[in-house]
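Here's start.cif, which has mmCIF, C-alpha atoms:
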```
data_start
loop_
_atom_site.label_atom_id
_atom_site.label_comp_id
_atom_site.auth_asym_id
_atom_site.auth_seq_id
_atom_site.Cartn_x
_atom_site.Cartn_y
_atom_site.Cartn_z
CA MET A 1168 218.16 392.69 64.69
CA GLU A 1169 221.25 394.67 65.59
CA LYS A 1170 223.97 394.50 62.93
CA THR A 1171 227.19 393.49 64.63
CA TRP A 1172 230.67 392.50 63.48
CA ARG A 1173 233.33 390.29 64.98
CA TRP A 1174 236.39 392.44 65.60
CA PHE A 1175 239.65 391.16 67.04
CA GLY A 1176 240.70 394.16 69.07
CA LYS A 1177 242.92 397.18 68.62
CA LYS A 1178 245.39 395.23 66.45
CA ASP A 1179 242.67 394.16 63.98
CA LYS A 1180 243.51 395.28 60.43
CA ILE A 1181 239.84 396.25 60.02
CA THR A 1182 239.34 399.47 61.98
CA LEU A 1183 236.27 400.61 63.88
CA PRO A 1184 235.77 403.79 61.79
CA VAL A 1185 235.63 401.63 58.66
CA LEU A 1186 233.05 399.35 60.27
CA ARG A 1187 230.87 402.31 61.18
CA GLN A 1188 230.97 403.46 57.55
CA ILE A 1189 229.58 400.13 56.28
CA GLY A 1190 226.59 400.15 58.63
CA VAL A 1191 227.84 398.11 61.58
CA GLU A 1192 226.06 399.08 64.79
CA GLY A 1193 227.62 396.83 67.43
CA ILE A 1194 230.94 395.12 68.01
CA VAL A 1195 231.52 391.49 68.95
CA THR A 1196 234.90 391.05 70.59
CA ALA A 1197 236.88 389.87 73.60
CA LEU A 1198 240.04 390.50 75.60
CA HIS A 1199 242.08 388.38 73.23
CA ASP A 1200 245.38 389.11 74.98
CA VAL A 1201 244.27 387.58 78.29
CA PRO A 1202 245.31 383.90 78.56
CA ASN A 1203 242.54 381.36 79.02
CA GLY A 1204 241.55 380.94 82.65
CA GLU A 1205 242.86 384.28 83.87
CA VAL A 1206 240.57 386.99 85.23
CA TRP A 1207 239.33 389.77 82.98
CA THR A 1208 239.81 392.88 85.09
CA LEU A 1209 237.17 395.58 85.18
CA GLU A 1210 239.81 398.12 84.15
CA ALA A 1211 240.74 396.19 80.99
CA ILE A 1212 237.09 395.68 80.07
CA LEU A 1213 236.25 399.35 80.53
CA ASP A 1214 239.31 400.40 78.52
CA LEU A 1215 238.24 398.36 75.51
CA LYS A 1216 234.62 399.41 75.89
CA LYS A 1217 235.61 403.08 75.87
CA TYR A 1218 237.80 402.55 72.81
CA ILE A 1219 234.81 401.08 70.95
CA GLU A 1220 232.41 403.78 72.12
CA ASP A 1221 234.84 406.54 71.17
CA ALA A 1222 234.50 405.25 67.61
CA GLY A 1223 230.73 405.71 67.76
CA LEU A 1224 229.90 402.02 68.23
CA ARG A 1225 228.93 399.80 71.15
CA TRP A 1226 230.37 396.57 72.52
CA SER A 1227 227.30 394.40 72.02
CA VAL A 1228 228.52 390.83 72.56
CA VAL A 1229 231.48 389.21 74.26
CA GLU A 1230 232.76 386.46 71.98
CA SER A 1231 234.13 384.79 73.76
CA LEU A 1232 234.98 384.38 77.40
CA PRO A 1233 236.70 381.01 76.84
CA VAL A 1234 235.84 378.00 78.98
CA SER A 1235 239.14 376.39 79.96
CA GLU A 1236 239.71 372.75 79.07
CA ALA A 1237 239.99 371.70 82.72
CA ILE A 1238 236.42 372.92 83.27
CA LYS A 1239 235.25 370.75 80.39
CA TYR A 1240 237.02 367.57 81.48
CA ALA A 1241 236.68 368.30 85.24
CA GLY A 1242 240.38 368.60 86.00
CA GLU A 1243 241.94 369.45 89.35
CA ASP A 1244 241.80 373.17 88.59
CA ARG A 1245 238.12 373.18 87.64
CA ASP A 1246 236.77 375.02 90.67
CA ARG A 1247 239.59 377.59 90.65
CA LEU A 1248 239.01 378.27 86.96
CA ILE A 1249 235.27 378.57 87.47
CA ALA A 1250 235.90 381.03 90.31
CA ASN A 1251 238.00 383.13 87.92
CA TYR A 1252 235.28 382.84 85.29
CA LYS A 1253 232.71 384.14 87.76
CA ILE A 1254 234.88 387.15 88.59
CA SER A 1255 235.24 387.92 84.88
CA LEU A 1256 231.49 387.58 84.36
CA ALA A 1257 230.82 389.92 87.27
CA ASN A 1258 233.25 392.47 85.85
CA LEU A 1259 231.56 392.25 82.44
CA GLY A 1260 228.19 392.77 84.10
CA LYS A 1261 229.48 395.78 86.04
CA ALA A 1262 230.68 397.26 82.75
CA GLY A 1263 227.23 396.84 81.21
CA LEU A 1264 228.09 393.91 78.94
CA LYS A 1265 225.19 391.48 79.07
CA THR A 1266 225.70 388.89 76.31
CA VAL A 1267 228.48 386.29 76.44
CA CYS A 1268 228.95 383.76 73.64
CA TYR A 1269 230.96 380.65 74.52
CA ASN A 1270 231.34 377.03 73.43
CA PHE A 1271 231.81 373.70 75.18
CA MET A 1272 233.70 371.87 72.42
CA PRO A 1273 236.58 369.79 73.76
CA VAL A 1274 240.08 370.76 72.51
CA ILE A 1275 239.15 371.91 69.03
CA ASP A 1276 236.79 374.60 67.80
CA TRP A 1277 235.44 374.74 64.24
CA ILE A 1278 237.06 372.28 61.84
CA ARG A 1279 237.93 372.79 58.16
CA THR A 1280 240.48 371.18 55.84
CA ASP A 1281 240.81 374.04 53.34
CA LEU A 1282 240.84 377.76 54.05
CA GLU A 1283 240.76 378.96 50.43
CA TYR A 1284 238.66 376.54 48.41
CA PRO A 1285 238.25 378.14 44.96
CA TRP A 1286 234.91 379.04 43.40
CA GLU A 1287 234.39 379.55 39.67
CA ASP A 1288 233.83 383.29 40.13
CA GLY A 1289 237.34 383.79 41.54
CA THR A 1290 236.36 383.98 45.20
CA SER A 1291 237.25 381.32 47.76
CA SER A 1292 235.79 379.99 50.98
CA LEU A 1293 236.29 377.55 53.82
CA TYR A 1294 235.76 373.87 53.02
CA PHE A 1295 235.61 370.52 54.82
CA ASP A 1296 236.81 367.42 52.97
CA LYS A 1297 236.04 364.34 55.03
CA THR A 1298 238.55 362.14 53.21
CA ARG A 1299 241.37 364.57 53.90
CA PHE A 1300 240.25 364.95 57.49
CA ALA A 1301 240.16 361.18 57.93
CA TYR A 1302 243.67 360.97 56.47
CA PHE A 1303 244.83 363.54 59.02
CA ASP A 1304 243.12 361.60 61.82
CA CYS A 1305 244.37 358.13 60.84
CA TYR A 1306 247.82 358.76 59.35
CA ILE A 1307 249.12 362.13 60.56
CA LEU A 1308 247.63 362.21 64.05
CA GLN A 1309 247.64 358.39 64.20
CA ARG A 1310 244.88 358.45 66.79
CA GLU A 1311 244.32 355.07 68.36
CA GLY A 1312 241.09 353.52 67.11
CA ALA A 1313 240.50 356.28 64.54
CA GLU A 1314 239.58 353.79 61.80
CA LYS A 1315 236.48 352.78 63.77
CA ASP A 1316 234.99 356.24 63.14
CA TYR A 1317 234.91 355.80 59.35
CA THR A 1318 233.09 353.48 56.98
CA PRO A 1319 234.94 350.98 54.78
CA GLU A 1320 234.18 353.19 51.78
CA GLU A 1321 235.67 356.22 53.53
CA LEU A 1322 238.77 354.30 54.55
CA ALA A 1323 239.21 353.13 50.94
CA ARG A 1324 239.20 356.76 49.78
CA VAL A 1325 241.71 357.60 52.50
CA LYS A 1326 243.99 354.81 51.31
CA GLU A 1327 243.85 356.13 47.75
CA LEU A 1328 244.62 359.64 48.95
CA GLY A 1329 247.66 358.27 50.74
CA LYS A 1330 249.14 357.27 47.38
CA THR A 1331 249.19 360.84 46.06
CA ILE A 1332 249.24 363.28 48.97
CA THR A 1333 252.47 365.30 49.22
CA GLU A 1334 254.44 366.37 52.27
CA VAL A 1335 253.44 369.95 51.55
CA GLU A 1336 249.77 368.95 51.58
CA LYS A 1337 250.24 367.09 54.87
CA GLU A 1338 251.80 370.15 56.47
CA ALA A 1339 248.95 372.27 55.12
CA LEU A 1340 246.41 369.95 56.75
CA ILE A 1341 248.16 370.26 60.10
CA ASP A 1342 248.34 374.02 59.75
CA THR A 1343 244.69 374.34 58.76
CA ILE A 1344 243.07 371.90 61.17
CA ILE A 1345 244.92 372.57 64.42
CA VAL A 1346 246.79 375.86 64.03
CA LYS A 1347 245.27 378.56 61.81
CA THR A 1348 241.63 377.90 62.67
CA GLN A 1349 242.36 377.51 66.38
CA GLY A 1350 245.16 379.77 67.58
CA PHE A 1351 243.27 383.05 67.33
CA ILE A 1352 240.22 381.55 69.02
CA ASN A 1353 241.07 379.31 71.95
CA GLY A 1354 244.81 379.68 72.35
CA ASN A 1355 245.44 375.95 72.80
CA ILE A 1356 247.86 375.87 69.85
CA LYS A 1357 249.33 378.91 68.15
CA GLU A 1358 251.41 379.62 65.09
CA GLY A 1359 255.07 379.12 65.93
CA ASP A 1360 254.46 376.29 68.38
CA LYS A 1361 256.93 373.47 67.83
CA ASN A 1362 255.39 370.09 67.00
CA PRO A 1363 251.71 371.09 67.07
CA VAL A 1364 250.67 367.48 66.43
CA ALA A 1365 252.28 366.34 69.69
CA ILE A 1366 250.62 369.19 71.59
CA PHE A 1367 247.29 368.31 70.02
CA LYS A 1368 247.61 364.62 70.91
CA ARG A 1369 248.35 365.54 74.52
CA LEU A 1370 245.23 367.72 74.63
CA LEU A 1371 243.13 364.89 73.21
CA SER A 1372 244.45 362.52 75.88
CA LEU A 1373 242.95 364.74 78.59
CA TYR A 1374 239.54 363.49 77.45
CA ASP A 1375 240.29 359.78 77.73
CA GLY A 1376 237.24 358.22 79.35
CA ILE A 1377 235.08 361.32 78.88
CA ASP A 1378 231.88 360.39 77.04
CA ARG A 1379 228.83 362.45 76.09
CA ASP A 1380 227.07 361.93 79.41
CA THR A 1381 230.15 362.93 81.39
CA LEU A 1382 230.72 366.04 79.30
CA ARG A 1383 227.07 366.97 79.69
CA GLN A 1384 227.32 366.70 83.46
CA ASN A 1385 230.49 368.79 83.45
CA MET A 1386 228.68 371.46 81.46
CA LYS A 1387 225.72 371.35 83.83
CA TYR A 1388 228.07 371.78 86.80
CA PHE A 1389 229.71 374.79 85.14
CA LEU A 1390 226.38 376.45 84.33
CA GLU A 1391 224.97 375.85 87.81
CA GLN A 1392 228.05 377.51 89.33
CA ILE A 1393 227.88 380.65 87.18
CA MET A 1394 224.12 381.24 87.02
CA PRO A 1395 223.96 383.16 90.33
CA VAL A 1396 226.47 385.67 88.93
CA CYS A 1397 224.49 385.89 85.68
CA GLU A 1398 221.32 386.57 87.64
CA GLU A 1399 222.95 389.22 89.81
CA TYR A 1400 224.36 391.17 86.86
CA GLY A 1401 221.84 390.32 84.15
CA VAL A 1402 224.37 388.50 81.96
CA ASN A 1403 223.08 386.10 79.32
CA MET A 1404 225.26 383.09 78.49
CA CYS A 1405 224.72 381.75 74.98
CA VAL A 1406 226.34 378.48 73.96
CA HIS A 1407 227.54 378.07 70.38
CA PRO A 1408 226.64 374.84 68.54
CA ASP A 1409 229.41 372.39 67.70
CA ASP A 1410 231.01 372.90 64.30
CA PRO A 1411 230.48 370.55 62.59
CA PRO A 1412 227.67 369.20 64.75
CA TYR A 1413 228.79 365.60 65.19
CA GLN A 1414 231.52 363.63 66.91
CA MET A 1415 235.06 364.28 65.69
CA LEU A 1416 238.43 362.81 66.70
CA GLY A 1417 236.80 360.52 69.22
CA LEU A 1418 235.72 363.54 71.27
CA PRO A 1419 232.16 363.87 72.55
CA ARG A 1420 230.18 366.75 71.13
CA ILE A 1421 227.06 367.77 73.01
CA VAL A 1422 225.59 370.76 71.12
CA THR A 1423 224.76 369.11 67.81
CA GLY A 1424 221.05 369.71 67.26
CA GLY A 1425 217.61 370.09 68.77
CA ASP A 1426 217.78 367.30 71.34
CA ASP A 1427 221.13 368.49 72.67
CA ILE A 1428 220.02 372.11 72.88
CA SER A 1429 216.81 371.11 74.67
CA TRP A 1430 218.81 369.09 77.19
CA ILE A 1431 221.13 372.01 77.98
CA LEU A 1432 218.30 374.51 78.39
CA LYS A 1433 216.30 372.14 80.61
CA ALA A 1434 219.28 370.89 82.65
CA VAL A 1435 219.82 374.44 83.93
CA ASP A 1436 216.43 375.99 83.31
CA ASN A 1437 217.31 379.64 83.73
CA PRO A 1438 216.58 382.39 81.19
CA HIS A 1439 220.23 383.46 81.42
CA ASN A 1440 221.24 380.04 80.10
CA GLY A 1441 220.65 380.43 76.38
CA LEU A 1442 221.81 379.82 72.85
CA THR A 1443 223.94 381.41 70.17
CA PHE A 1444 221.96 380.38 67.12
CA CYS A 1445 224.63 379.65 64.50
CA ALA A 1446 222.78 378.75 61.32
CA GLY A 1447 226.04 377.76 59.65
CA SER A 1448 227.16 375.24 62.24
CA LEU A 1449 223.72 373.70 62.49
CA SER A 1450 223.26 373.55 58.72
CA SER A 1451 226.39 371.42 58.24
CA GLY A 1452 224.60 368.59 60.04
CA ILE A 1453 222.24 366.87 57.62
CA HIS A 1454 220.02 365.92 60.57
CA ASN A 1455 219.17 369.57 61.31
CA SER A 1456 216.36 371.68 59.85
CA VAL A 1457 217.67 375.14 60.60
CA PRO A 1458 214.42 377.15 60.30
CA GLU A 1459 212.62 374.64 62.53
CA LEU A 1460 215.34 374.96 65.16
CA ALA A 1461 215.16 378.75 64.96
CA ALA A 1462 211.43 378.66 65.62
CA LYS A 1463 211.82 376.18 68.48
CA PHE A 1464 214.55 378.06 70.33
CA ALA A 1465 213.87 381.70 69.42
CA SER A 1466 212.84 382.65 72.95
CA ARG A 1467 216.07 381.27 74.48
CA THR A 1468 218.36 382.68 71.79
CA HIS A 1469 220.50 385.67 72.80
CA PHE A 1470 222.75 386.02 69.75
CA VAL A 1471 222.55 384.97 66.09
CA HIS A 1472 225.29 383.97 63.62
CA LEU A 1473 224.04 384.24 60.07
CA ARG A 1474 225.90 382.01 57.61
CA SER A 1475 225.02 378.94 55.60
CA THR A 1476 226.60 375.72 54.33
CA ASP A 1477 225.93 373.14 51.66
CA VAL A 1478 226.44 369.49 52.53
CA LEU A 1479 227.96 367.70 49.55
CA LYS A 1480 228.67 364.06 48.74
CA ASP A 1481 231.00 361.88 50.82
CA GLY A 1482 230.43 363.94 53.98
CA ASN A 1483 232.03 367.11 52.63
CA PHE A 1484 230.55 370.55 53.22
CA ILE A 1485 231.29 374.08 52.03
CA GLU A 1486 230.41 377.58 53.15
CA ALA A 1487 227.47 378.52 50.94
CA PRO A 1488 226.55 382.00 49.69
CA HIS A 1489 224.62 383.68 52.48
CA LEU A 1490 221.32 383.62 50.57
CA GLU A 1491 221.69 379.98 49.58
CA GLY A 1492 222.39 376.61 51.17
CA ARG A 1493 220.93 374.64 54.06
CA GLY A 1494 220.99 377.61 56.43
CA HIS A 1495 217.87 379.08 54.78
CA LEU A 1496 218.81 382.45 56.21
CA ILE A 1497 215.82 384.30 54.81
CA ASP A 1498 213.53 381.99 56.77
CA VAL A 1499 215.77 382.25 59.84
CA VAL A 1500 215.71 386.06 59.71
CA ARG A 1501 211.94 385.96 59.38
CA VAL A 1502 211.69 383.83 62.55
CA PHE A 1503 213.88 386.05 64.69
CA GLU A 1504 212.52 389.37 63.42
CA LYS A 1505 209.07 388.15 64.39
CA GLU A 1506 209.82 386.29 67.61
CA ASN A 1507 212.88 388.03 69.12
CA PRO A 1508 213.71 391.11 67.03
CA ALA A 1509 216.14 392.93 69.34
CA LEU A 1510 218.85 390.29 69.08
CA PRO A 1511 222.38 391.11 67.95
CA MET A 1512 223.36 389.25 64.80
CA ARG A 1513 226.59 389.01 62.88
CA VAL A 1514 227.45 387.58 59.49
CA ASP A 1515 230.10 384.92 59.57
CA HIS A 1516 232.69 383.16 57.40
CA GLY A 1517 232.57 385.48 54.44
CA ARG A 1518 234.30 384.52 51.23
CA LEU A 1519 237.69 385.89 50.27
CA MET A 1520 237.09 388.33 47.42
CA LEU A 1521 238.87 391.25 45.73
CA ASP A 1522 242.10 391.74 47.71
CA ASP A 1523 240.92 390.02 50.93
CA GLY A 1524 243.42 387.23 50.38
CA GLU A 1525 246.36 389.64 50.57
CA LYS A 1526 245.45 391.13 53.95
CA GLY A 1527 246.25 388.27 56.30
CA TYR A 1528 242.84 388.23 57.97
CA ASN A 1529 241.92 385.47 60.40
CA PRO A 1530 240.39 382.51 58.51
CA GLY A 1531 236.70 383.08 57.85
CA TYR A 1532 236.91 386.76 58.75
CA SER A 1533 237.50 388.58 55.50
CA PHE A 1534 236.48 392.21 55.07
CA TYR A 1535 234.91 392.44 51.62
CA GLY A 1536 233.33 388.99 51.88
CA ARG A 1537 231.66 389.80 55.17
CA MET A 1538 230.70 393.30 54.03
CA TYR A 1539 228.99 391.78 50.98
CA ALA A 1540 227.13 389.29 53.17
CA LEU A 1541 226.12 392.02 55.62
CA ALA A 1542 224.67 394.08 52.78
CA GLN A 1543 222.70 391.07 51.54
CA LEU A 1544 221.27 390.31 54.97
CA ASP A 1545 220.59 393.97 55.74
CA GLY A 1546 218.37 393.91 52.67
CA VAL A 1547 216.71 390.70 53.82
CA MET A 1548 215.97 392.21 57.22
CA ALA A 1549 214.51 395.33 55.62
CA VAL A 1550 212.17 393.30 53.41
CA VAL A 1551 211.15 390.98 56.25
CA ASN A 1552 210.42 393.87 58.60
CA ASP A 1553 208.45 395.68 55.92
CA ASP A 1554 206.44 392.51 55.34
CA LEU A 1555 205.79 392.10 59.07
CA LYS A 1556 204.50 395.69 59.28
CA ILE A 1557 202.10 395.08 56.42
CA LYS A 1558 200.75 391.98 58.09
#
```

Final structure tokens representation of the file:
Amino acid sequence: MEKTWRWFGKKDKITLPVLRQIGVEGIVTALHDVPNGEVWTLEAILDLKKYIEDAGLRWSVVESLPVSEAIKYAGEDRDRLIANYKISLANLGKAGLKTVCYNFMPVIDWIRTDLEYPWEDGTSSLYFDKTRFAYFDCYILQREGAEKDYTPEELARVKELGKTITEVEKEALIDTIIVKTQGFINGNIKEGDKNPVAIFKRLLSLYDGIDRDTLRQNMKYFLEQIMPVCEEYGVNMCVHPDDPPYQMLGLPRIVTGGDDISWILKAVDNPHNGLTFCAGSLSSGIHNSVPELAAKFASRTHFVHLRSTDVLKDGNFIEAPHLEGRGHLIDVVRVFEKENPALPMRVDHGRLMLDDGEKGYNPGYSFYGRMYALAQLDGVMAVVNDDLKIK
């Protein structure tokens, strides 16, 4: 597989020459300065592509060309936004960019409650605490009917937490769940926004009455509209699994495991309609066997995210070391190196280590932590490929 790295553009603190030195071959990035729903011009795409190539690398994957909320909930602007999306896709294809990662998660992208959960060795990682999330949902967000989504045992733990949680901890939950993990990705809420909770509640309200079947049909409509452009320019769309892969905040999630992925691939049965295989997202759902899913969907996978999680008690999960956890990345690498070896892959959600914590990196996108993980998985790929040659 091609070793790629998610890079956040010319303002990224991690520079392209540094990435080339550590063995990165391809770059995963986007036009992060373009607001959601606006057209990516060919000129802007070519400018960034040239900048990457001048550093001796290639722009391998677009992550992401965001799908606007109105496309997901079928708002009045849906067709106009899809038309813009098609123009952007065509411009990417004209520039030679053929792999586009996207997601169809309503309102909120990946969800964590702690960005620097400490490990005994002095590193830290992302963490999801279901009790703290439920407290945010029920008492900070005060979402109508939220209590129905939790068991009596979970609600009892939430009530106990309410006796000790501080105002500082409440603000940290807001900042973590709906600001820091979201603003640099989808642009719905950004640091500095006043009253992010109110903004978030308004966004949630846009999905009133939208269930799983409706969201599925909206996704099918979107894919059917863009597939002719993908066919004309050879662009592969690859949907990212939901993170975590189950319903949150009363919102439908429709990319949670094997059945959902099968539905999407069959609903618009076109080879350009494919999957971003994120082992980390899938592994945080106890219902998923990640190696089995890799084997099942290898032929329709266009991009791979290599990370792993451990699911703990009480519904909590943590980013696991890349060679451990439910992601079983050695087995996953073995599947893809055998079945679809030319795919771009990137490591994801590295730990904070050494002086990573002082650099102000986007959450989950440390330098040393990801470099360490890339070195581990580079070794795994070398061993797997050597083994495949012997066989």

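Distances to Thr1182 of chain A were evaluated for A:Phe1367, A:Asp1214, A:Leu1390, A:Phe1534 using all atoms listed in the file, and the minimum falls at A:Phe1534.
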
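Going from atom CA of Thr1348 of chain A to atom CA of Ser1450 of chain A covers 19.3 Å.
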
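Residues matched by the PyMOL selection byres ((chain A and resi 1275) around 9) in this structure: Met1272, Pro1273, Val1274, Asp1276, Trp1277, Ile1278, Ile1344, Ile1345, Gln1349, Asn1353, Asn1355 and Phe1367 of chain A.
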
* Between A:Val1396, A:Met1386, A:Cys1405, A:Ile1421, single out the one closest to Arg1245 of chain A, counting all atoms listed in the file. => A:Met1386

* To do: Give as a list of chain:residue names each residue that has an atom at most 12 Å from (227.6, 401.4, 71.8) in the file, counting all atoms listed in the file.
  => A:Glu1169, A:Lys1170, A:Thr1171, A:Leu1183, A:Arg1187, A:Val1191, A:Glu1192, A:Gly1193, A:Ile1194, A:Val1195, A:Leu1215, A:Lys1216, A:Lys1217, A:Tyr1218, A:Ile1219, A:Glu1220, A:Asp1221, A:Ala1222, A:Gly1223, A:Leu1224, A:Arg1225, A:Trp1226, A:Ser1227, A:Val1228, A:Gly1263, A:Leu1264

* Using the chain letters and numbering of this document, enumerate as a ChimeraX atom specification the residues selected by the PyMOL selection byres ((chain A and resi 1545) around 12). => /A:1168-1171,1189-1192,1473,1489-1490,1496-1497,1500,1512-1514,1537-1544,1546-1552
